[in-house]
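Asker: The structure is given below, and queries will be raised subsequently.
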Amino acid sequence: MEPASELLDRNIDEIMMRWEARAFNEVPAAVGQTSLFLRNALPKFLKSLVTLLSKKQRASAQIDFDAAELYRQSKEHGRGCAGVPAYIMSQVIFEYHILRDVILQVMENFAVHVLSSVNGPNCAPSPRFTLIKNKAPF
């Protein structure tokens, strides 16, 4: 099975497409915004997440740098939203909740695909995975 970082990297476009559709439907301040505005720094954020999650050997200083870059990208997205009076902090946070859900859906779909190719088409994700997904901290 491929590492999570590779799965995430390979599916950034799909994740962004699903996230954007949900954000337009579920975040009140997103209504009427352009796709470019809504996405702003999130593709870079996901790329930074891929780097941070990769198994590539890195020195501690590089890991710290990668984590700082992830933080910087998340702040950049928030600043972009802050420029629109209709956006309030809770809506930006909700966008990240949607992003988390979409990432987990993509990962779960991949796991179901792998399991069904091994165990047959009626295979479902384990209850443990579902429990972990529903108790995610952010």
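We name chains A, B, ... following the order of the structure tokens; residues begin at 1 in each chain, and ligands are numbered from 1 as shown.
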Can you tell me which residues surround A:Ser35 at a distance of at most 10 Å, considering only C-alpha atoms, apart from same-chain residues fewer than 2 positions away, and format the answer as a list in words?
Answerer: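 My list of contacting residues is Met17, Glu20, Ala21, Phe24, Ala30, Gly32, Gln33, Phe37, Leu38, Arg39 and Asn40 of chain A.
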Asker: I'd like the neighbourhood of A:Leu8 as a PyMOL selection string, where a residue qualifies if any of its atoms comes within 9 Å (using only C-alpha atoms), though same-chain residues fewer than 5 positions away should be ignored.
Answerer: chain A and resi 3+15+46-47+49-50+103+106-107
Asker: Could you tell me how far atom CA of A:Leu99 sits from atom CA of A:Gly80, in Å to one decimal place?
Answerer: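 Straight-line distance from atom CA of A:Gly80 to atom CA of A:Leu99 works out to 16.5 Å.
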Asker: Quick one: residues within 7 Å of stretch 67-79 of chain A, only C-alpha atoms, excluding same-chain residues fewer than 6 positions away - as number ranges by chain?
Answerer: A: 40-42, 44-45, 48-49, 52, 92
Asker: So that I have them on file, write out the residues from the current selection with N, CA and C atoms, as an mmCIF file, in the first residue's frame.
Answerer:
```cif
data_model
loop_
_atom_site.group_PDB
_atom_site.id
_atom_site.type_symbol
_atom_site.label_atom_id
_atom_site.label_comp_id
_atom_site.auth_asym_id
_atom_site.auth_seq_id
_atom_site.Cartn_x
_atom_site.Cartn_y
_atom_site.Cartn_z
ATOM 1 N N ASN A 40 -7.196 29.971 -2.734
ATOM 2 C CA ASN A 40 -5.983 30.727 -2.441
ATOM 3 C C ASN A 40 -4.813 29.831 -2.065
ATOM 4 N N ALA A 41 -4.435 29.704 -0.820
ATOM 5 C CA ALA A 41 -3.212 28.986 -0.437
ATOM 6 C C ALA A 41 -3.421 27.498 -0.129
ATOM 7 N N LEU A 42 -4.643 26.984 -0.264
ATOM 8 C CA LEU A 42 -4.873 25.601 0.146
ATOM 9 C C LEU A 42 -4.104 24.563 -0.673
ATOM 10 N N LYS A 44 -1.129 24.881 -1.858
ATOM 11 C CA LYS A 44 0.221 24.944 -1.282
ATOM 12 C C LYS A 44 0.229 24.311 0.103
ATOM 13 N N PHE A 45 -0.836 24.527 0.869
ATOM 14 C CA PHE A 45 -0.968 23.912 2.189
ATOM 15 C C PHE A 45 -0.913 22.390 2.064
ATOM 16 N N SER A 48 2.543 21.210 1.293
ATOM 17 C CA SER A 48 3.359 21.268 2.504
ATOM 18 C C SER A 48 3.042 20.090 3.419
ATOM 19 N N LEU A 49 1.778 19.715 3.489
ATOM 20 C CA LEU A 49 1.376 18.565 4.288
ATOM 21 C C LEU A 49 1.987 17.282 3.728
ATOM 22 N N LEU A 52 5.593 17.195 4.763
ATOM 23 C CA LEU A 52 5.738 16.908 6.193
ATOM 24 C C LEU A 52 5.448 15.442 6.508
ATOM 25 N N VAL A 92 -13.739 30.123 8.490
ATOM 26 C CA VAL A 92 -12.415 29.672 8.045
ATOM 27 C C VAL A 92 -12.095 28.328 8.712
#
```
Asker: Take atom CA of A:Asp66 and atom CA of A:Asp9 and report the distance between them in Å, one decimal.
Answerer: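 The value is 15.4 Å.
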Asker: At what distance in Å, to one decimal, does atom CA of A:Leu104 lie from atom CA of A:Lys56?
Answerer: 22.3 Å
Asker: A:Phe110, A:Ala23, A:Ile12, A:Leu36: which is nearest A:Ile93, counting only C-alpha atoms?
Answerer: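 The closest residue to A:Ile93 is A:Ala23.
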Asker: Give the alpha helix (DSSP H) residues of stretch 67-103 of chain A, as DSSP finds them on the backbone, and put them as a ChimeraX atom specification.
Answerer: /A:67-82,89-103
Asker: Write out as a list in words the residues lying within 12 Å of A:Lys55, counting only C-alpha atoms and excluding same-chain residues fewer than 6 positions away.
Answerer: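 The contact residues come out as Glu2, Pro3, Ala4, Ser5, Glu6 and Ile63 of chain A.
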